[in-house]
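Shown below: model-v1.txt, with compact mmCIF, C-alpha atoms.
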# COMPACT_ATOMS: atom_id res chain seq x y z
CA MET A 1 2.04 14.99 -30.49
CA ALA A 2 5.24 15.79 -28.62
CA GLU A 3 5.44 13.93 -25.36
CA GLU A 4 5.20 16.00 -22.20
CA VAL A 5 6.32 14.62 -18.86
CA LEU A 6 6.10 16.80 -15.75
CA LEU A 7 7.15 15.89 -12.24
CA PHE A 8 6.10 17.78 -9.12
CA GLY A 9 8.43 17.00 -6.24
CA VAL A 10 10.46 18.22 -3.32
CA TRP A 11 14.26 18.13 -3.41
CA GLY A 12 14.66 16.32 -0.08
CA SER A 13 11.82 13.79 -0.44
CA PRO A 14 12.66 10.11 -0.99
CA PHE A 15 9.27 9.69 -2.68
CA SER A 16 9.82 12.20 -5.46
CA ARG A 17 13.47 11.11 -5.83
CA ARG A 18 12.20 7.56 -6.51
CA VAL A 19 10.29 8.83 -9.51
CA GLU A 20 13.31 10.81 -10.74
CA MET A 21 15.51 7.73 -10.42
CA ALA A 22 13.09 5.71 -12.53
CA LEU A 23 12.72 8.42 -15.19
CA LYS A 24 16.51 8.81 -15.44
CA LEU A 25 17.13 5.04 -15.61
CA LYS A 26 14.71 4.94 -18.53
CA GLY A 27 16.23 8.01 -20.15
CA ILE A 28 12.95 9.93 -20.15
CA GLN A 29 13.05 13.72 -20.57
CA TYR A 30 10.90 15.52 -18.03
CA LYS A 31 10.26 18.96 -16.62
CA TYR A 32 10.65 19.22 -12.86
CA PHE A 33 8.69 21.55 -10.58
CA GLU A 34 9.93 22.08 -7.02
CA GLU A 35 7.03 22.43 -4.60
CA ASP A 36 6.99 24.36 -1.35
CA LEU A 37 5.00 22.10 0.96
CA THR A 38 4.11 25.03 3.22
CA ASN A 39 2.60 26.81 0.22
CA LYS A 40 1.44 24.23 -2.31
CA SER A 41 0.93 25.43 -5.85
CA PRO A 42 -2.59 25.53 -7.33
CA THR A 43 -1.25 23.24 -10.05
CA LEU A 44 -0.29 20.56 -7.54
CA LEU A 45 -3.67 20.83 -5.82
CA LYS A 46 -5.36 20.51 -9.22
CA TYR A 47 -3.34 17.42 -10.14
CA ASN A 48 -3.60 15.71 -6.73
CA PRO A 49 -6.77 17.02 -5.12
CA ILE A 50 -7.27 13.95 -2.92
CA HIS A 51 -3.92 13.71 -1.15
CA LYS A 52 -2.46 17.13 -2.08
CA LYS A 53 1.02 15.54 -1.95
CA ILE A 54 4.10 15.06 -4.03
CA PRO A 55 5.23 13.32 -6.13
CA VAL A 56 2.81 13.75 -9.00
CA LEU A 57 3.75 12.69 -12.51
CA VAL A 58 1.81 14.33 -15.32
CA HIS A 59 2.11 12.56 -18.67
CA ASN A 60 0.54 14.37 -21.61
CA GLY A 61 -1.77 16.20 -19.22
CA LYS A 62 -2.82 13.12 -17.21
CA PRO A 63 -1.75 13.11 -13.54
CA ILE A 64 -0.68 10.09 -11.49
CA ALA A 65 -0.04 10.25 -7.74
CA GLU A 66 1.52 7.82 -5.21
CA SER A 67 5.18 6.97 -5.86
CA GLN A 68 4.81 3.19 -6.19
CA VAL A 69 1.83 3.58 -8.55
CA ILE A 70 3.93 6.03 -10.59
CA LEU A 71 6.84 3.57 -10.78
CA GLU A 72 4.55 0.85 -12.14
CA TYR A 73 3.17 3.32 -14.69
CA ILE A 74 6.66 4.34 -15.82
CA ASP A 75 7.70 0.73 -16.34
CA GLU A 76 4.54 -0.10 -18.28
CA THR A 77 4.62 3.01 -20.45
CA TRP A 78 8.25 3.27 -21.49
CA LYS A 79 10.35 0.36 -22.69
CA GLY A 80 14.12 0.27 -22.27
CA TYR A 81 15.60 -0.26 -18.83
CA PRO A 82 13.38 -2.80 -17.01
CA ILE A 83 12.43 -1.64 -13.52
CA PHE A 84 10.32 -4.66 -12.61
CA PRO A 85 11.41 -8.30 -12.97
CA LYS A 86 9.64 -10.33 -15.67
CA ASP A 87 8.60 -13.33 -13.60
CA PRO A 88 5.22 -12.88 -11.82
CA TYR A 89 6.47 -14.44 -8.59
CA GLU A 90 9.50 -12.16 -8.48
CA ARG A 91 7.27 -9.20 -9.25
CA ALA A 92 4.99 -10.21 -6.36
CA ASN A 93 8.02 -10.48 -4.10
CA ALA A 94 9.23 -7.02 -5.09
CA ARG A 95 5.78 -5.51 -4.52
CA PHE A 96 5.48 -7.26 -1.14
CA TRP A 97 8.76 -5.85 0.15
CA ALA A 98 8.07 -2.41 -1.32
CA LYS A 99 4.79 -2.30 0.60
CA PHE A 100 6.63 -3.52 3.71
CA ILE A 101 9.15 -0.69 3.42
CA ASP A 102 6.55 2.06 3.08
CA GLU A 103 3.95 0.68 5.50
CA LYS A 104 6.18 -0.78 8.22
CA CYS A 105 9.83 0.31 7.94
CA LEU A 106 9.29 4.01 7.40
CA PRO A 107 6.95 4.52 10.37
CA GLY A 108 9.04 2.13 12.50
CA ILE A 109 12.26 3.98 11.75
CA PHE A 110 10.61 7.34 12.26
CA ASN A 111 9.31 6.19 15.62
CA ALA A 112 12.74 4.98 16.69
CA CYS A 113 14.30 8.31 15.77
CA TRP A 114 11.62 10.73 16.85
CA GLY A 115 9.10 8.85 18.96
CA GLU A 116 8.40 9.30 22.65
CA GLU A 117 11.52 9.08 24.79
CA LYS A 118 10.08 6.53 27.19
CA GLN A 119 9.22 4.21 24.29
CA HIS A 120 12.62 4.71 22.67
CA GLU A 121 14.25 1.38 23.56
CA ASN A 122 11.25 -0.61 22.34
CA ALA A 123 10.97 1.49 19.20
CA VAL A 124 14.64 0.87 18.37
CA LYS A 125 14.19 -2.86 18.95
CA GLU A 126 11.15 -2.94 16.65
CA ALA A 127 12.88 -0.92 13.94
CA CYS A 128 15.85 -3.31 14.02
CA GLU A 129 13.51 -6.31 13.72
CA LEU A 130 12.02 -4.71 10.61
CA LEU A 131 15.46 -4.05 9.14
CA LYS A 132 16.39 -7.68 9.83
CA HIS A 133 13.76 -8.76 7.29
CA LEU A 134 15.47 -6.61 4.67
CA GLU A 135 18.88 -7.96 5.70
CA ASN A 136 17.54 -11.45 4.99
CA GLU A 137 15.92 -10.38 1.75
CA ILE A 138 19.06 -8.80 0.24
CA GLY A 139 21.08 -11.90 1.18
CA GLU A 140 24.01 -12.32 -1.19
CA LYS A 141 22.45 -10.25 -3.97
CA LYS A 142 24.18 -7.13 -5.24
CA TYR A 143 20.85 -5.32 -5.50
CA PHE A 144 17.34 -6.26 -4.39
CA GLY A 145 16.67 -6.48 -8.11
CA GLY A 146 19.54 -8.92 -8.62
CA GLU A 147 22.41 -7.80 -10.84
CA ALA A 148 20.83 -4.44 -11.62
CA ILE A 149 18.83 -1.81 -9.77
CA GLY A 150 15.14 -2.59 -9.78
CA PHE A 151 11.81 -1.47 -8.35
CA LEU A 152 12.60 -2.61 -4.82
CA ASP A 153 15.99 -0.88 -4.79
CA ILE A 154 14.33 2.35 -5.91
CA VAL A 155 11.63 2.08 -3.21
CA ALA A 156 14.35 1.18 -0.68
CA ASN A 157 16.06 4.51 -1.48
CA PHE A 158 14.75 5.53 1.91
CA ILE A 159 16.91 2.86 3.54
CA GLY A 160 19.78 3.56 1.18
CA PHE A 161 20.10 7.26 1.88
CA TRP A 162 17.47 8.84 4.11
CA LEU A 163 17.95 6.37 6.97
CA GLY A 164 21.49 7.70 7.38
CA ILE A 165 20.13 11.25 7.36
CA PHE A 166 17.53 10.36 10.00
CA GLU A 167 20.21 8.69 12.12
CA GLU A 168 22.45 11.75 12.02
CA ALA A 169 19.61 14.18 12.60
CA SER A 170 18.16 12.29 15.56
CA GLY A 171 21.26 10.72 17.08
CA THR A 172 19.75 7.22 16.91
CA LYS A 173 21.88 4.62 15.13
CA LEU A 174 19.93 1.71 13.68
CA LEU A 175 21.79 0.28 10.69
CA THR A 176 25.07 -0.91 12.20
CA ARG A 177 27.51 -2.93 10.13
CA GLU A 178 27.78 -5.52 12.92
CA GLU A 179 24.07 -6.27 12.99
CA PHE A 180 23.34 -5.66 9.31
CA PRO A 181 26.42 -6.49 7.22
CA LYS A 182 24.51 -7.35 4.03
CA LEU A 183 22.14 -4.40 4.14
CA SER A 184 25.08 -2.11 4.94
CA ASN A 185 26.87 -3.46 1.87
CA TRP A 186 23.80 -2.81 -0.26
CA VAL A 187 23.62 0.78 1.04
CA GLY A 188 27.23 1.36 -0.02
CA VAL A 189 26.68 -0.13 -3.47
CA PHE A 190 23.35 1.67 -3.94
CA VAL A 191 24.52 5.20 -3.18
CA SER A 192 27.55 4.86 -5.42
CA SER A 193 25.67 3.31 -8.35
CA SER A 194 25.41 5.19 -11.58
CA GLY A 195 21.83 6.30 -12.05
CA ILE A 196 21.41 6.72 -8.30
CA LYS A 197 24.34 8.78 -7.01
CA GLU A 198 23.58 11.67 -9.38
CA ASN A 199 19.97 11.70 -8.16
CA LEU A 200 20.46 11.84 -4.42
CA PRO A 201 19.71 15.16 -2.74
CA PRO A 202 22.74 17.44 -2.54
CA ALA A 203 23.45 19.51 0.57
CA ARG A 204 23.38 16.71 3.13
CA ASP A 205 23.80 19.17 6.01
CA LYS A 206 20.85 21.19 4.79
CA LEU A 207 18.73 18.01 4.73
CA ILE A 208 19.80 17.03 8.25
CA ALA A 209 19.01 20.53 9.49
CA TYR A 210 15.64 20.38 7.76
CA PHE A 211 14.62 17.13 9.47
CA ARG A 212 15.86 18.41 12.83
CA SER A 213 13.76 21.54 12.41
CA GLN A 214 10.70 19.46 11.50
CA PHE A 215 10.93 16.70 14.05
CA GLY A 216 13.33 17.81 16.77
CA THR A 217 16.75 16.58 17.75
CA GLY A 218 15.70 13.06 18.56
CA SER A 219 14.56 10.66 21.27
CA THR A 220 17.95 10.21 22.86
CA ASP A 221 20.31 12.58 24.60
CA ALA A 222 23.24 11.12 22.68
CA THR A 223 24.18 14.14 20.64
CA LYS A 224 22.36 16.97 22.42
CA MET B 1 -5.65 -31.47 -5.39
CA ALA B 2 -5.43 -28.00 -6.90
CA GLU B 3 -2.03 -26.39 -7.44
CA VAL B 4 -3.44 -23.23 -5.86
CA LYS B 5 -4.25 -23.00 -2.17
CA LEU B 6 -5.69 -20.03 -0.35
CA PHE B 7 -5.26 -19.52 3.37
CA ARG B 8 -8.16 -17.51 4.71
CA ALA B 9 -10.22 -16.74 7.79
CA TRP B 10 -13.97 -17.01 7.21
CA SER B 11 -14.82 -13.50 8.43
CA SER B 12 -11.95 -11.47 7.03
CA PRO B 13 -12.67 -9.27 3.99
CA PHE B 14 -9.09 -9.41 2.66
CA PRO B 15 -8.99 -13.09 1.69
CA LEU B 16 -12.51 -12.68 0.29
CA ARG B 17 -11.01 -10.43 -2.40
CA ILE B 18 -8.86 -13.34 -3.48
CA VAL B 19 -11.78 -15.79 -3.40
CA TRP B 20 -13.67 -13.42 -5.69
CA ALA B 21 -10.74 -13.07 -8.09
CA LEU B 22 -10.17 -16.83 -8.31
CA GLU B 23 -13.90 -17.58 -8.72
CA VAL B 24 -14.48 -14.85 -11.29
CA LYS B 25 -11.53 -16.12 -13.35
CA GLY B 26 -12.49 -19.77 -12.93
CA ILE B 27 -9.18 -20.79 -11.33
CA GLU B 28 -9.29 -24.00 -9.31
CA TYR B 29 -8.11 -23.72 -5.75
CA ASP B 30 -8.26 -25.37 -2.34
CA MET B 31 -9.38 -23.30 0.60
CA ILE B 32 -7.62 -23.62 3.96
CA TYR B 33 -9.42 -21.96 6.85
CA GLU B 34 -7.32 -20.49 9.61
CA ASP B 35 -8.34 -19.87 13.19
CA LEU B 36 -6.72 -16.48 13.75
CA SER B 37 -6.60 -17.03 17.51
CA ASN B 38 -4.59 -20.21 16.90
CA LYS B 39 -2.62 -19.81 13.70
CA SER B 40 -1.29 -22.91 12.00
CA SER B 41 2.45 -23.49 11.74
CA MET B 42 1.96 -23.57 7.96
CA LEU B 43 0.58 -20.02 7.92
CA LEU B 44 3.43 -18.79 10.12
CA GLN B 45 5.92 -20.49 7.81
CA TYR B 46 4.35 -19.00 4.66
CA ASN B 47 3.84 -15.48 6.03
CA PRO B 48 6.49 -15.00 8.71
CA VAL B 49 6.54 -11.21 8.33
CA TYR B 50 2.87 -10.45 8.97
CA LYS B 51 1.50 -13.83 10.10
CA LYS B 52 -1.80 -12.93 8.43
CA VAL B 53 -4.32 -14.10 5.88
CA PRO B 54 -4.67 -14.15 2.95
CA VAL B 55 -1.75 -16.20 1.72
CA LEU B 56 -1.89 -17.67 -1.76
CA LEU B 57 0.21 -20.75 -2.32
CA HIS B 58 0.95 -21.47 -5.97
CA LYS B 59 3.07 -24.52 -6.77
CA GLY B 60 4.41 -24.35 -3.24
CA LYS B 61 5.40 -20.66 -3.40
CA PRO B 62 3.63 -18.30 -0.98
CA ILE B 63 2.43 -14.77 -1.76
CA SER B 64 1.01 -12.46 0.92
CA GLU B 65 -0.82 -9.12 0.96
CA SER B 66 -4.14 -9.12 -0.87
CA LEU B 67 -3.34 -6.44 -3.48
CA VAL B 68 0.00 -8.11 -4.28
CA ILE B 69 -1.85 -11.43 -4.66
CA LEU B 70 -4.45 -9.87 -7.00
CA GLU B 71 -1.67 -8.54 -9.28
CA TYR B 72 0.00 -11.96 -9.21
CA ILE B 73 -3.24 -13.71 -10.21
CA GLU B 74 -3.75 -11.26 -13.05
CA GLU B 75 -0.19 -11.74 -14.36
CA THR B 76 -0.02 -15.50 -13.92
CA TRP B 77 -3.35 -16.48 -15.45
CA LYS B 78 -3.25 -14.04 -18.36
CA SER B 79 -5.59 -16.03 -20.54
CA LYS B 80 -8.30 -16.31 -17.88
CA THR B 81 -10.94 -13.68 -18.41
CA PRO B 82 -12.25 -11.34 -17.27
CA SER B 83 -9.12 -9.24 -16.78
CA LEU B 84 -8.98 -7.54 -13.44
CA LEU B 85 -6.87 -4.67 -14.74
CA PRO B 86 -7.37 -2.76 -17.99
CA GLY B 87 -4.75 -2.85 -20.75
CA ASP B 88 -4.02 0.88 -20.82
CA PRO B 89 -1.20 1.89 -18.41
CA TYR B 90 -2.99 5.07 -17.30
CA GLN B 91 -6.20 3.18 -16.49
CA ARG B 92 -4.11 0.60 -14.63
CA ALA B 93 -2.48 3.38 -12.61
CA MET B 94 -5.93 4.76 -11.75
CA ALA B 95 -7.12 1.31 -10.60
CA ARG B 96 -4.05 0.95 -8.38
CA PHE B 97 -4.47 4.49 -7.05
CA TRP B 98 -8.09 3.87 -6.05
CA ALA B 99 -7.32 0.49 -4.50
CA LYS B 100 -4.61 2.10 -2.34
CA PHE B 101 -6.95 4.96 -1.46
CA GLY B 102 -9.57 2.46 -0.33
CA ASP B 103 -7.21 0.57 1.94
CA ASP B 104 -5.29 3.60 3.24
CA LYS B 105 -8.23 5.94 3.82
CA ILE B 106 -11.74 4.48 3.55
CA LEU B 107 -11.26 1.16 5.31
CA PRO B 108 -9.51 2.46 8.44
CA LEU B 109 -11.98 5.36 8.82
CA ILE B 110 -15.09 3.22 8.42
CA TRP B 111 -13.58 0.72 10.85
CA GLU B 112 -12.90 3.58 13.34
CA ALA B 113 -16.49 4.79 12.95
CA PHE B 114 -17.67 1.25 13.64
CA ILE B 115 -15.62 0.48 16.76
CA LYS B 116 -15.62 3.87 18.43
CA GLN B 117 -18.35 5.71 20.25
CA GLY B 118 -19.41 9.27 20.98
CA LYS B 119 -17.18 12.06 19.74
CA ASP B 120 -14.51 9.70 18.36
CA GLN B 121 -17.14 7.99 16.25
CA GLU B 122 -18.50 11.31 15.02
CA GLU B 123 -15.06 12.50 13.96
CA ALA B 124 -14.24 9.23 12.22
CA LEU B 125 -17.55 9.39 10.35
CA ILE B 126 -16.92 12.96 9.21
CA ALA B 127 -13.46 12.00 7.95
CA ALA B 128 -14.85 8.88 6.26
CA HIS B 129 -17.48 10.94 4.45
CA GLU B 130 -14.89 13.51 3.34
CA ASN B 131 -13.01 10.71 1.64
CA LEU B 132 -16.05 8.82 0.35
CA LYS B 133 -17.03 11.97 -1.56
CA TYR B 134 -14.08 11.36 -3.89
CA LEU B 135 -15.27 7.83 -4.56
CA GLU B 136 -18.80 9.09 -5.23
CA VAL B 137 -17.44 11.48 -7.87
CA GLU B 138 -15.25 8.75 -9.42
CA LEU B 139 -18.31 6.53 -9.87
CA ARG B 140 -20.10 9.05 -12.13
CA GLY B 141 -21.02 7.42 -15.41
CA LYS B 142 -19.60 4.06 -14.34
CA LYS B 143 -21.22 0.79 -13.42
CA PHE B 144 -18.03 -0.43 -11.80
CA LEU B 145 -14.70 1.28 -11.12
CA GLY B 146 -13.30 -1.17 -13.66
CA GLY B 147 -15.88 -0.17 -16.29
CA GLU B 148 -18.47 -2.72 -17.38
CA THR B 149 -17.14 -5.59 -15.28
CA VAL B 150 -15.77 -5.92 -11.76
CA GLY B 151 -12.07 -5.03 -11.67
CA PHE B 152 -9.11 -4.66 -9.34
CA ALA B 153 -10.40 -1.53 -7.58
CA ASP B 154 -13.93 -2.95 -7.24
CA LEU B 155 -12.58 -6.08 -5.56
CA THR B 156 -10.65 -3.87 -3.15
CA PHE B 157 -13.79 -1.92 -2.19
CA GLY B 158 -15.97 -5.02 -2.20
CA TRP B 159 -15.97 -5.25 1.59
CA LEU B 160 -18.24 -2.16 1.58
CA ALA B 161 -20.95 -4.18 -0.13
CA ASN B 162 -21.12 -6.95 2.45
CA LEU B 163 -19.86 -5.39 5.67
CA VAL B 164 -21.23 -1.84 5.85
CA SER B 165 -24.80 -2.99 6.53
CA VAL B 166 -23.48 -5.44 9.13
CA PHE B 167 -21.55 -2.64 10.84
CA GLU B 168 -24.53 -0.31 10.66
CA GLU B 169 -26.82 -2.85 12.27
CA ILE B 170 -24.40 -3.57 15.12
CA ALA B 171 -23.33 0.00 15.87
CA GLY B 172 -26.79 1.49 15.29
CA VAL B 173 -25.38 4.21 13.06
CA THR B 174 -25.74 5.02 9.36
CA LEU B 175 -22.29 4.87 7.83
CA ILE B 176 -23.24 5.45 4.20
CA ASP B 177 -26.53 7.23 3.62
CA HIS B 178 -28.40 7.17 0.32
CA GLU B 179 -28.82 10.93 0.13
CA LYS B 180 -25.13 11.74 0.28
CA PHE B 181 -23.83 8.68 -1.58
CA PRO B 182 -26.43 7.47 -4.11
CA LEU B 183 -23.83 6.32 -6.66
CA LEU B 184 -21.86 4.42 -4.03
CA LEU B 185 -24.98 2.62 -2.86
CA THR B 186 -25.82 1.74 -6.47
CA TRP B 187 -22.28 0.47 -6.94
CA MET B 188 -22.64 -1.68 -3.81
CA LYS B 189 -25.79 -3.23 -5.23
CA ASN B 190 -24.20 -3.80 -8.65
CA PHE B 191 -21.20 -5.40 -6.99
CA MET B 192 -23.41 -7.72 -4.91
CA ASP B 193 -25.25 -8.79 -8.06
CA ALA B 194 -22.12 -9.41 -10.12
CA PRO B 195 -21.33 -13.04 -11.00
CA LYS B 196 -19.63 -15.15 -8.33
CA ILE B 197 -19.67 -12.41 -5.73
CA ARG B 198 -22.59 -12.96 -3.38
CA GLU B 199 -22.41 -16.74 -3.43
CA THR B 200 -19.06 -16.62 -1.65
CA TRP B 201 -20.09 -14.26 1.16
CA PRO B 202 -20.08 -15.57 4.69
CA PRO B 203 -23.59 -15.81 6.18
CA ARG B 204 -24.85 -12.47 7.46
CA ASP B 205 -25.99 -13.63 10.90
CA LYS B 206 -22.61 -15.22 11.52
CA LEU B 207 -20.89 -11.97 10.50
CA ILE B 208 -23.12 -9.98 12.82
CA ASN B 209 -22.33 -12.22 15.79
CA HIS B 210 -18.62 -12.16 15.02
CA PHE B 211 -18.25 -8.40 14.56
CA ARG B 212 -20.57 -7.61 17.45
CA ALA B 213 -18.36 -9.66 19.79
CA LEU B 214 -15.23 -8.08 18.32
CA ARG B 215 -16.63 -4.56 18.77
CA GLU B 216 -17.58 -5.26 22.38
CA THR B 217 -14.09 -6.55 23.14
CA LEU B 218 -12.48 -3.48 21.58
CA ILE B 219 -14.81 -1.07 23.37
CA ALA B 220 -14.09 -2.79 26.69
CA LYS B 221 -10.36 -2.28 26.10
CA GLU B 222 -10.72 1.47 25.52
CA PRO B 223 -9.24 3.63 28.30
CA LYS B 224 -12.06 5.28 30.26

Could you show the structure in this file as structure tokens?
Amino acid sequence: MAEEVLLFGVWGSPFSRRVEMALKLKGIQYKYFEEDLTNKSPTLLKYNPIHKKIPVLVHNGKPIAESQVILEYIDETWKGYPIFPKDPYERANARFWAKFIDEKCLPGIFNACWGEEKQHENAVKEACELLKHLENEIGEKKYFGGEAIGFLDIVANFIGFWLGIFEEASGTKLLTREEFPKLSNWVGVFVSSSGIKENLPPARDKLIAYFRSQFGTGSTDATK
Amino acid sequence: MAEVKLFRAWSSPFPLRIVWALEVKGIEYDMIYEDLSNKSSMLLQYNPVYKKVPVLLHKGKPISESLVILEYIEETWKSKTPSLLPGDPYQRAMARFWAKFGDDKILPLIWEAFIKQGKDQEEALIAAHENLKYLEVELRGKKFLGGETVGFADLTFGWLANLVSVFEEIAGVTLIDHEKFPLLLTWMKNFMDAPKIRETWPPRDKLINHFRALRETLIAKEPK
């Protein structure tokens, strides 16, 4: 049977871009469907009835939802480029930090950019404390995965690209080179890496405008 | 002295998942009980990011976050049966999906329904039931989510089996009724009766006292 791989995503979403990055690193052919989140397709709702969200990967008719679950599936199903490290302890470490990024960093950063104005200073402080953990984790490594892009780098795509978008859209600067030299270096290397740079959303201005329209112009008066 | 140590708190359901996994697989370990109101310097050293239990220490290396620890146990002690995850990548993805669903949706909503009162409690219960319906459907034709034996997803939902009746007794509300969720209640009974599970549960009267006191503290803190 010919293999069929479908991906339902949204052009500006870090979550669906993660899956695309993984598929492209592995050299897997897939068919992409752009969803309109204000008018979700019946197909998406059929394939992800519980969360009704993107991304959804459909492999030979079987759907998988949740970006990190999809990444694990991709690495286990297709050989070739290894997304996860081999060693169980390193794999645990990668999973730990990936969970940290999605459960702590994303909401923390969002709060710092678009939270209540009177909580702004505290929110910025908390977001920077969270980023400090990642600064320590990248250390002297080229990538979170070591010499090559791995699972944690892919999950950290949010930090690599979307954080900058959020900063511009909201006027709140979090990732400064002075405070986060190592993480800033990683960002530079990440966005210019082959396999990643071709898969970042185009039309940066359009993305900034989109987030501004969704969440407002930010918690500070800096660029109003 | 075992090369595996588990930091836990006696009442917390998260470390209990790890106890179950280690017991079911017959892995030797030492248990270290933490007083969460007075955390040891060792715990803070081994889990500086979250400062929580469980932490698994294997040959001196710490791993935190219960689902990350379960994956580590599965990968490290490959020859120890039963397997917690199936061999097929799609079935593994489903197990991970359900585990995440349990922790992201079911657990927080049941907890809300337990600690809140009045309208807040009602709303939390409605939302909990909306989500539990998916679990009820998933259990059709299955003894456990993992198939014939307790697996990764079952361990993640295991807290339902020992804590729901405790919560119901304290709050005086039915959280999971047998008319709406007959398969779930059957699953809870099957889980309780599975090898190594019930023998490791904390005593019920102790749990009732603990969670009653916790609920009263939380209710007292609510803004009037």

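In this model, the gap between CA of Lys132 (chain A) and CA of Gly60 (chain B) comes to 24.3 Å.
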
**OP:** Within 9 Å of chain B, which residues of chain A are there when counting all atoms listed in the file? Please give them as a ChimeraX atom specification.
**Re:** /A:50,62-66,69-70,72-74,76-77,87-89,91-93,95-96,99-100,130,133

Go ahead and save the residues from that selection, with C-alpha atoms, as a compact mmCIF listing (two decimals), keeping the file's coordinate frame.
# COMPACT_ATOMS: atom_id res chain seq x y z
CA ILE A 50 -7.27 13.95 -2.92
CA LYS A 62 -2.82 13.12 -17.21
CA PRO A 63 -1.75 13.11 -13.54
CA ILE A 64 -0.68 10.09 -11.49
CA ALA A 65 -0.04 10.25 -7.74
CA GLU A 66 1.52 7.82 -5.21
CA VAL A 69 1.83 3.58 -8.55
CA ILE A 70 3.93 6.03 -10.59
CA GLU A 72 4.55 0.85 -12.14
CA TYR A 73 3.17 3.32 -14.69
CA ILE A 74 6.66 4.34 -15.82
CA GLU A 76 4.54 -0.10 -18.28
CA THR A 77 4.62 3.01 -20.45
CA ASP A 87 8.60 -13.33 -13.60
CA PRO A 88 5.22 -12.88 -11.82
CA TYR A 89 6.47 -14.44 -8.59
CA ARG A 91 7.27 -9.20 -9.25
CA ALA A 92 4.99 -10.21 -6.36
CA ASN A 93 8.02 -10.48 -4.10
CA ARG A 95 5.78 -5.51 -4.52
CA PHE A 96 5.48 -7.26 -1.14
CA LYS A 99 4.79 -2.30 0.60
CA PHE A 100 6.63 -3.52 3.71
CA LEU A 130 12.02 -4.71 10.61
CA HIS A 133 13.76 -8.76 7.29

Subject >> Who sits within 8 Å of Cys128 (chain A), all atoms listed in the file, same chain under 3 positions skipped, as an MDAnalysis selection string >> reply: chainID A and resid 124:125 131:132 174:175

**OP:** For Leu207 (chain B), work out the shell of residues within 10 Å, counting only C-alpha atoms and skipping chain neighbours fewer than 2 positions away, then give it as a PyMOL selection string.
**Re:** chain B and resi 10-12+162-163+166-167+201-205+209-213

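The spacing separating CA of Asn190 (chain B) from CA of Asn48 (chain A) amounts to 28.4 Å.
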
Spatial neighbours of Pro108 (chain B), 12 Å, all atoms listed in the file, chain gap at least 4 places, as a short mmCIF file (atom, residue, chain, number, x, y, z; two decimals) with C-alpha atoms, in the frame of the given file:
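So the final result, stored in part_3.cif, reads:
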data_model
loop_
_atom_site.label_atom_id
_atom_site.label_comp_id
_atom_site.auth_asym_id
_atom_site.auth_seq_id
_atom_site.Cartn_x
_atom_site.Cartn_y
_atom_site.Cartn_z
CA LYS B 100 -4.61 2.10 -2.34
CA PHE B 101 -6.95 4.96 -1.46
CA GLY B 102 -9.57 2.46 -0.33
CA ASP B 103 -7.21 0.57 1.94
CA ASP B 104 -5.29 3.60 3.24
CA GLU B 112 -12.90 3.58 13.34
CA ALA B 113 -16.49 4.79 12.95
CA PHE B 114 -17.67 1.25 13.64
CA ILE B 115 -15.62 0.48 16.76
CA LYS B 116 -15.62 3.87 18.43
CA ALA B 124 -14.24 9.23 12.22
CA LEU B 125 -17.55 9.39 10.35
CA ALA B 127 -13.46 12.00 7.95
CA ALA B 128 -14.85 8.88 6.26
CA ASN B 131 -13.01 10.71 1.64
#
